[in-house]
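Quick look at query-v8.tsv (TSV, C-alpha atoms):
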chain	number	residue	atom	x	y	z
A	1	MET	CA	21.22	194.48	115.34
A	2	ALA	CA	18.94	192.73	117.78
A	3	VAL	CA	19.07	194.16	121.30
A	4	PRO	CA	18.06	191.95	124.25
A	5	PRO	CA	14.76	192.71	126.02
A	6	ASP	CA	14.70	194.87	129.11
A	7	ASN	CA	16.78	193.38	131.90
A	8	SER	CA	16.42	193.66	135.66
A	9	THR	CA	18.58	196.18	137.49
A	10	ASP	CA	20.65	193.46	139.19
A	11	THR	CA	23.18	193.06	136.38
A	12	PHE	CA	23.47	196.82	135.99
A	13	SER	CA	24.15	197.31	139.69
A	14	LYS	CA	26.80	194.61	139.69
A	15	LEU	CA	28.52	196.04	136.63
A	16	SER	CA	28.49	199.52	138.14
A	17	LEU	CA	29.70	198.57	141.58
A	18	ALA	CA	31.71	195.36	141.23
A	19	THR	CA	35.29	195.10	142.46
A	20	THR	CA	36.64	193.46	139.33
A	21	GLY	CA	40.36	193.42	140.10
A	22	GLU	CA	43.08	194.78	137.81
A	23	GLY	CA	42.22	197.19	135.02
A	24	VAL	CA	41.89	200.82	133.96
A	25	VAL	CA	38.61	202.67	134.49
A	26	VAL	CA	37.88	205.94	132.70
A	27	ASP	CA	35.14	208.32	133.85
A	28	ILE	CA	34.26	210.85	131.12
A	29	GLY	CA	32.59	214.01	132.38
A	30	THR	CA	33.90	213.32	135.85
A	31	GLY	CA	32.65	216.61	137.34
A	32	ASP	CA	33.95	216.92	140.90
A	33	GLY	CA	35.79	213.57	140.59
A	34	LEU	CA	33.96	212.00	143.53
A	35	PHE	CA	32.99	208.85	141.61
A	36	VAL	CA	36.62	208.31	140.57
A	37	TYR	CA	38.02	209.06	144.02
A	38	ARG	CA	35.65	206.85	145.99
A	39	SER	CA	35.90	204.01	143.49
A	40	ALA	CA	39.71	204.19	143.55
A	41	ARG	CA	39.79	204.04	147.33
A	42	GLN	CA	37.55	200.96	147.28
A	43	ASN	CA	39.42	199.26	144.40
A	44	PRO	CA	43.15	199.86	144.93
A	45	ASN	CA	44.11	197.31	142.24
A	46	LYS	CA	42.41	199.37	139.53
A	47	PHE	CA	43.68	202.61	138.02
A	48	TYR	CA	41.12	205.39	137.57
A	49	ILE	CA	41.22	208.27	135.10
A	50	GLY	CA	38.73	211.12	135.42
A	51	ILE	CA	38.27	213.32	132.35
A	52	ASP	CA	36.53	216.70	132.24
A	53	PRO	CA	37.10	219.99	130.37
A	54	ASN	CA	36.38	221.99	133.54
A	55	VAL	CA	39.10	221.43	136.14
A	56	ARG	CA	37.91	223.94	138.74
A	57	PRO	CA	35.57	221.47	140.54
A	58	LEU	CA	38.52	219.05	140.69
A	59	GLU	CA	40.93	221.33	142.58
A	60	LYS	CA	40.22	220.06	146.10
A	61	ILE	CA	40.09	216.39	145.24
A	62	SER	CA	43.21	216.68	143.08
A	63	GLU	CA	45.11	217.85	146.17
A	64	LYS	CA	43.56	215.11	148.28
A	65	ILE	CA	44.70	212.19	146.10
A	66	HIS	CA	48.38	213.09	146.67
A	67	ARG	CA	48.15	212.54	150.42
A	68	LYS	CA	49.27	209.35	152.12
A	69	SER	CA	46.70	206.57	151.79
A	70	SER	CA	46.05	206.67	155.53
A	71	LYS	CA	45.07	210.33	155.17
A	72	GLY	CA	42.71	209.82	152.25
A	73	GLY	CA	45.16	209.72	149.36
A	74	ALA	CA	44.68	207.62	146.23
A	75	SER	CA	47.79	206.97	144.16
A	76	ASN	CA	45.71	205.06	141.57
A	77	VAL	CA	43.95	208.20	140.28
A	78	LEU	CA	44.73	210.60	137.44
A	79	PHE	CA	42.64	213.56	136.32
A	80	VAL	CA	42.86	214.82	132.73
A	81	GLN	CA	41.50	218.07	131.32
A	82	SER	CA	39.82	217.23	128.00
A	83	THR	CA	36.56	217.26	126.12
A	84	ILE	CA	35.09	214.03	124.79
A	85	GLU	CA	35.82	215.28	121.27
A	86	GLU	CA	39.56	215.68	121.94
A	87	LEU	CA	40.60	212.62	123.94
A	88	SER	CA	44.38	212.31	124.06
A	89	THR	CA	46.07	209.78	121.79
A	90	GLU	CA	48.08	208.77	124.87
A	91	LEU	CA	44.90	207.12	126.17
A	92	GLU	CA	44.49	204.92	123.11
A	93	GLY	CA	43.51	201.38	124.05
A	94	VAL	CA	44.00	201.80	127.81
A	95	ALA	CA	40.43	201.58	129.16
A	96	ASP	CA	38.88	198.36	130.40
A	97	GLU	CA	35.80	200.28	131.53
A	98	VAL	CA	34.40	203.66	130.48
A	99	HIS	CA	31.65	205.32	132.50
A	100	ILE	CA	29.56	208.33	131.50
A	101	HIS	CA	27.15	209.20	134.30
A	102	PHE	CA	24.51	211.94	134.02
A	103	PRO	CA	26.20	213.87	131.17
A	104	TRP	CA	25.16	217.39	130.18
A	105	GLY	CA	25.86	219.78	127.31
A	106	SER	CA	27.94	218.49	124.40
A	107	LEU	CA	28.74	215.24	126.24
A	108	LEU	CA	25.03	214.53	126.64
A	109	LYS	CA	24.43	215.27	122.97
A	110	ALA	CA	27.22	212.94	121.85
A	111	VAL	CA	26.00	209.89	123.73
A	112	ALA	CA	22.24	210.50	123.61
A	113	ALA	CA	22.15	211.30	119.89
A	114	GLY	CA	24.68	208.60	119.02
A	115	ASP	CA	27.28	210.85	117.39
A	116	THR	CA	29.33	208.20	115.59
A	117	ALA	CA	32.43	210.36	115.15
A	118	VAL	CA	32.61	211.20	118.86
A	119	LEU	CA	31.84	207.63	119.90
A	120	GLN	CA	34.66	206.41	117.66
A	121	GLY	CA	36.98	208.60	119.72
A	122	VAL	CA	35.72	206.89	122.86
A	123	ARG	CA	36.23	203.51	121.20
A	124	ARG	CA	39.87	204.42	120.50
A	125	ILE	CA	40.65	204.68	124.21
A	126	CYS	CA	39.07	201.26	124.87
A	127	ALA	CA	40.71	197.88	124.93
A	128	PHE	CA	38.90	195.11	123.04
A	129	ASP	CA	35.81	193.94	124.94
A	130	ALA	CA	35.92	196.97	127.25
A	131	LEU	CA	32.73	197.97	129.04
A	132	LEU	CA	30.95	201.24	128.22
A	133	GLU	CA	28.26	202.36	130.64
A	134	VAL	CA	26.07	205.41	129.88
A	135	VAL	CA	23.52	206.68	132.42
A	136	ILE	CA	21.24	209.58	131.52
A	137	GLY	CA	18.62	211.40	133.57
A	138	LEU	CA	16.37	213.58	131.41
A	139	ASP	CA	12.93	214.92	132.19
A	140	GLU	CA	11.09	215.86	129.01
A	141	SER	CA	9.27	218.70	130.77
A	142	ARG	CA	11.85	220.18	133.16
A	143	ASP	CA	14.77	219.68	130.78
A	144	ARG	CA	12.90	220.73	127.65
A	145	SER	CA	15.06	223.79	126.95
A	146	GLU	CA	18.27	221.72	127.04
A	147	ILE	CA	16.73	218.92	124.97
A	148	THR	CA	15.64	221.46	122.36
A	149	ARG	CA	18.96	223.33	122.42
A	150	LEU	CA	20.91	220.15	121.78
A	151	GLY	CA	18.43	218.83	119.21
A	152	LEU	CA	17.90	215.60	121.12
A	153	GLU	CA	15.17	213.04	120.78
A	154	SER	CA	13.78	211.24	123.79
A	155	PHE	CA	16.44	208.96	125.29
A	156	SER	CA	14.11	205.99	125.66
A	157	VAL	CA	14.57	202.24	125.36
A	158	ASP	CA	12.72	202.35	122.02
A	159	PHE	CA	15.07	205.07	120.75
A	160	ILE	CA	18.09	203.04	121.86
A	161	ASP	CA	16.76	200.03	119.93
A	162	SER	CA	15.69	201.86	116.79
A	163	VAL	CA	18.49	204.41	116.40
A	164	LEU	CA	21.31	204.23	118.90
A	165	ALA	CA	22.08	200.52	118.58
A	166	SER	CA	23.18	200.91	114.97
A	167	ASN	CA	25.01	204.19	115.63
A	168	TYR	CA	26.94	202.69	118.52
A	169	LEU	CA	27.76	199.57	116.52
A	170	ALA	CA	29.09	201.72	113.67
A	171	ALA	CA	31.41	203.35	116.23
A	172	GLY	CA	32.62	199.98	117.54
A	173	PHE	CA	30.27	199.34	120.48
A	174	GLU	CA	27.68	196.57	120.72
A	175	ILE	CA	24.86	197.40	123.14
A	176	THR	CA	24.29	194.39	125.35
A	177	GLU	CA	21.86	195.81	127.89
A	178	ARG	CA	19.60	198.80	128.26
A	179	GLY	CA	16.69	199.81	130.42
A	180	ARG	CA	15.03	202.39	132.63
A	181	LEU	CA	15.33	202.76	136.38
A	182	ARG	CA	13.01	204.36	138.89
A	183	PRO	CA	14.73	206.60	141.46
A	184	GLY	CA	14.44	203.97	144.18
A	185	GLU	CA	16.21	201.44	141.97
A	186	TRP	CA	19.33	203.50	141.32
A	187	PRO	CA	22.66	201.92	142.14
A	188	GLU	CA	24.97	203.96	144.40
A	189	PHE	CA	26.86	206.08	141.87
A	190	LYS	CA	29.22	207.68	144.40
A	191	SER	CA	28.92	211.16	142.89
A	192	SER	CA	27.70	214.51	144.16
A	193	TRP	CA	25.32	214.93	141.22
A	194	ALA	CA	23.76	211.51	141.76
A	195	ARG	CA	23.24	212.35	145.44
A	196	ARG	CA	21.49	215.59	144.51
A	197	LEU	CA	19.16	213.66	142.21
A	198	ARG	CA	18.17	211.16	144.90
A	199	GLY	CA	14.43	211.39	145.40
A	200	ASP	CA	14.02	213.16	142.06
A	201	THR	CA	11.25	211.81	139.86
A	202	ARG	CA	13.08	212.15	136.56
A	203	PRO	CA	13.46	208.87	134.62
A	204	ILE	CA	16.92	207.32	134.49
A	205	THR	CA	17.81	205.45	131.31
A	206	TYR	CA	20.99	203.44	130.88
A	207	LEU	CA	22.82	201.42	128.29
A	208	ILE	CA	25.75	199.06	128.59
A	209	ALA	CA	27.90	198.19	125.58
A	210	ARG	CA	31.02	196.22	124.77
A	211	ALA	CA	33.86	197.43	122.58
A	212	VAL	CA	34.10	195.14	119.54
Rewrite the coordinates I just gave you, this time as C-alpha cells.
Amino acid sequence: MAVPPDNSTDTFSKLSLATTGEGVVVDIGTGDGLFVYRSARQNPNKFYIGIDPNVRPLEKISEKIHRKSSKGGASNVLFVQSTIEELSTELEGVADEVHIHFPWGSLLKAVAAGDTAVLQGVRRICAFDALLEVVIGLDESRDRSEITRLGLESFSVDFIDSVLASNYLAAGFEITERGRLRPGEWPEFKSSWARRLRGDTRPITYLIARAV
C-alpha cells in the first residue's frame, strides 16, 4: 500500500485537538485519565472512554467526574479497566476516534510492532471510517533496554512504510498520515506524561489511520 509522503504537523494538530461535535472517543492506555477528562470538559457533546489495566492512577479523577459540572464534573466520561488484548465486546463498533498516546510495555509492543491480532481487537471497537491516532516517543539510546525487552525495531517513518502499513491494513486500518515531530512541534496532548516530556529531546513519531 502506498503511504503519502511526510505531512506538516498542521493536520495532525487539528486532528488531535479539534472539537468535532458528536461522537465517541476512546483513549487506550489512558494512564491518569487527564487527556480524557480535559478533552471531555472541552467537548461536552462527545463521550469519552478511558481504558487502562491499572486503575490506581485513575482513583482521584474517577471521583472528580461525578461532581456537578460547575465543580469540575464530566458526565460524558467512562473509565474501563482492561488491557488492549482483552477489550470488552460491549465496546464493539462504538468508537469514532481511538487515541494511543505515548504507550509503554505490551501496549507499546502491540502498536509499534504492528501486532495484527491485537490491532484487529482495536478495529472491532471502531465504527467504519473511525480515526486511529498513535503517538510514540522512543529514544534508541535511553530506552534501549525497553526496546530490546519488547523486541521492537525502530519506530521510524521508514519502518511504518515498509512494515507497519501492511500490518495495520491487514488488521483493518489504512494509514493515511505519518511523520516525526520535534519537541517544539508537539500538539498539546493534555496529559501528565506529555507534560513531563516537554523539553525532552526524544523523537516523537506518529501515525494516523482510518478504519476500513
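The closest residue to Tyr48 of chain A, picked from A:Lys68, A:His99, A:Lys109, A:Arg178 and counting all atoms listed in the file, is A:His99.
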Would you list the residues near (16.5, 212.0, 121.5) (no more than 12 Å away, in the coordinates of the file, using all atoms listed in the file) as a VMD selection string? chain A and resid 108 to 115 136 138 to 140 144 146 to 160 162 to 164 205
Selection near Gly172 of chain A, 8 Å with all atoms listed in the file, sequence-local residues under 4 positions removed, as a PyMOL selection string: chain A and resi 120+123+168+211-212
Two-atom distance - atom CA of Ala171 of chain A, atom CA of Phe102 of chain A (Å):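 Rounded to one decimal, the two atoms are 20.9 Å apart.
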Non-local contacts of Gly29 of chain A (10 Å; only C-alpha atoms; under 4 positions in same chain excluded) as a PyMOL selection string: chain A and resi 33+50-54+81-84+99-104+107-108
Neighbours of Ile49 of chain A within 6 Å (all atoms listed in the file; same-chain residues fewer than 6 positions away dropped), as a PDB file with C-alpha atoms, in the coordinates of the input?
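Final output, part-v5.pdb:
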ATOM      1  CA  VAL A  26      37.880 205.940 132.700  1.00  0.00           C
ATOM      2  CA  VAL A  77      43.950 208.200 140.280  1.00  0.00           C
ATOM      3  CA  LEU A  78      44.730 210.600 137.440  1.00  0.00           C
ATOM      4  CA  PHE A  79      42.640 213.560 136.320  1.00  0.00           C
TER       5      PHE A  79
END
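Using all atoms listed in the file, the protein and nucleic acid residues lying no more than 6 Å from segment 206-208 of chain A, apart from those fewer than 2 places from it along its own chain, are A:Leu132, A:Glu133, A:Val134, A:Val135, A:Ile175, A:Thr176, A:Glu177, A:Arg178, A:Gly179.
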Have a look at atom CA of Glu97 of chain A and atom CA of Asp32 of chain A and let me know their distance in Å, one decimal.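 Atom CA of Asp32 of chain A lies 19.2 Å from atom CA of Glu97 of chain A.
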Between A:Arg124, A:Arg67, A:Arg210, A:Arg142, single out the one closest to Glu174 of chain A, counting all atoms listed in the file.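 Counting all atoms listed in the file, the residue closest to Glu174 of chain A is A:Arg210.
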Using only C-alpha atoms, which residue out of A:Val118, A:Leu87, A:Val25, A:Val98 lies closest to Ala170 of chain A?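 Result for the nearest residue to Ala170 of chain A: A:Val118.
Here atom CA of Val36 of chain A is placed at a distance of 15.2 Å from atom CA of Glu22 of chain A.
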Would you compute the box with edges along x, y and z of the file around segment 157-169 of chain A, including every atom the file lists for it and 3 Å extra on each side, and give its centre and edge lengths in Å to one decimal, as JSON?
{"center_x": 20.2, "center_y": 202.3, "center_z": 120.2, "size_x": 21.0, "size_y": 11.5, "size_z": 16.4}
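Using all atoms listed in the file, the residues found no farther than 7 Å from Lys46 of chain A, other than those of its own chain fewer than 2 positions away, are Gly21, Glu22, Gly23, Val24, Ala40, Asn43, Pro44, Tyr48 and Asn76 of chain A.
Minimum atom-to-atom distances from A:Glu59, A:Ala209, A:Ser69, A:Phe128 to Arg41 of chain A were compared using all atoms listed in the file, and the lowest value belongs to A:Ser69.
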Coordinate excerpt as a short mmCIF file (atom, residue, chain, number, x, y, z; two decimals), in the first residue's frame: segment 98-188 of chain A, C-alpha atoms:
data_model
loop_
_atom_site.label_atom_id
_atom_site.label_comp_id
_atom_site.auth_asym_id
_atom_site.auth_seq_id
_atom_site.Cartn_x
_atom_site.Cartn_y
_atom_site.Cartn_z
CA VAL A 98 -9.21 5.94 19.15
CA HIS A 99 -6.12 7.57 20.63
CA ILE A 100 -2.99 5.82 21.89
CA HIS A 101 -0.55 8.40 23.24
CA PHE A 102 2.95 7.52 24.47
CA PRO A 103 2.26 3.81 25.13
CA TRP A 104 4.62 1.60 27.14
CA GLY A 105 5.01 -2.11 27.84
CA SER A 106 2.71 -4.51 26.00
CA LEU A 107 0.65 -1.64 24.55
CA LEU A 108 3.78 -0.14 23.01
CA LYS A 109 4.77 -3.50 21.57
CA ALA A 110 1.34 -4.06 20.02
CA VAL A 111 1.21 -0.78 18.12
CA ALA A 112 4.92 -0.30 17.37
CA ALA A 113 5.46 -3.86 16.11
CA GLY A 114 2.12 -3.96 14.30
CA ASP A 115 0.66 -6.98 16.11
CA THR A 116 -2.18 -7.81 13.72
CA ALA A 117 -4.18 -9.86 16.21
CA VAL A 118 -4.18 -7.08 18.81
CA LEU A 119 -4.89 -4.40 16.22
CA GLN A 120 -7.86 -6.43 15.00
CA GLY A 121 -9.24 -6.16 18.53
CA VAL A 122 -8.87 -2.38 18.33
CA ARG A 123 -10.58 -2.42 14.94
CA ARG A 124 -13.56 -4.26 16.47
CA ILE A 125 -14.32 -1.36 18.79
CA CYS A 126 -14.21 1.11 15.87
CA ALA A 127 -17.04 2.32 13.69
CA PHE A 128 -16.36 2.35 9.95
CA ASP A 129 -14.04 5.22 8.98
CA ALA A 130 -13.07 5.82 12.62
CA LEU A 131 -9.82 7.64 13.32
CA LEU A 132 -6.88 5.86 14.98
CA GLU A 133 -4.06 8.06 16.25
CA VAL A 134 -0.84 6.53 17.63
CA VAL A 135 1.89 8.73 19.12
CA ILE A 136 5.15 7.17 20.29
CA GLY A 137 8.19 8.71 21.96
CA LEU A 138 11.20 6.38 21.91
CA ASP A 139 14.84 7.23 22.30
CA GLU A 140 17.04 4.48 20.88
CA SER A 141 19.74 5.13 23.48
CA ARG A 142 17.84 5.95 26.68
CA ASP A 143 15.05 3.45 26.01
CA ARG A 144 17.31 0.70 24.69
CA SER A 145 16.53 -1.77 27.48
CA GLU A 146 12.76 -1.49 26.88
CA ILE A 147 13.19 -1.66 23.09
CA THR A 148 15.28 -4.81 23.48
CA ARG A 149 12.95 -6.36 26.06
CA LEU A 150 9.94 -5.93 23.79
CA GLY A 151 11.82 -6.99 20.66
CA LEU A 152 10.98 -3.77 18.85
CA GLU A 153 12.53 -2.28 15.76
CA SER A 154 12.99 1.44 15.38
CA PHE A 155 9.59 3.16 15.15
CA SER A 156 10.58 5.34 12.21
CA VAL A 157 8.72 6.67 9.18
CA ASP A 158 10.60 4.15 7.01
CA PHE A 159 9.54 1.31 9.30
CA ILE A 160 5.92 2.48 9.17
CA ASP A 161 6.07 2.48 5.37
CA SER A 162 7.89 -0.81 4.92
CA VAL A 163 6.32 -2.93 7.66
CA LEU A 164 3.54 -1.34 9.66
CA ALA A 165 1.41 -0.12 6.75
CA SER A 166 0.70 -3.66 5.60
CA ASN A 167 0.25 -4.99 9.15
CA TYR A 168 -2.23 -2.25 10.01
CA LEU A 169 -4.10 -2.76 6.75
CA ALA A 170 -4.39 -6.49 7.46
CA ALA A 171 -5.99 -5.54 10.79
CA GLY A 172 -8.46 -3.17 9.12
CA PHE A 173 -6.67 0.19 9.34
CA GLU A 174 -5.36 2.24 6.42
CA ILE A 175 -2.54 4.59 7.41
CA THR A 176 -3.27 7.99 5.92
CA GLU A 177 -0.59 10.09 7.57
CA ARG A 178 2.64 9.58 9.46
CA GLY A 179 5.61 11.65 10.44
CA ARG A 180 8.05 12.77 13.10
CA LEU A 181 7.76 15.78 15.38
CA ARG A 182 10.42 17.75 17.19
CA PRO A 183 9.59 18.57 20.83
CA GLY A 184 8.73 22.17 20.00
CA GLU A 185 6.21 20.99 17.41
CA TRP A 186 4.17 18.80 19.72
CA PRO A 187 0.45 19.46 19.91
CA GLU A 188 -0.98 19.97 23.41
#
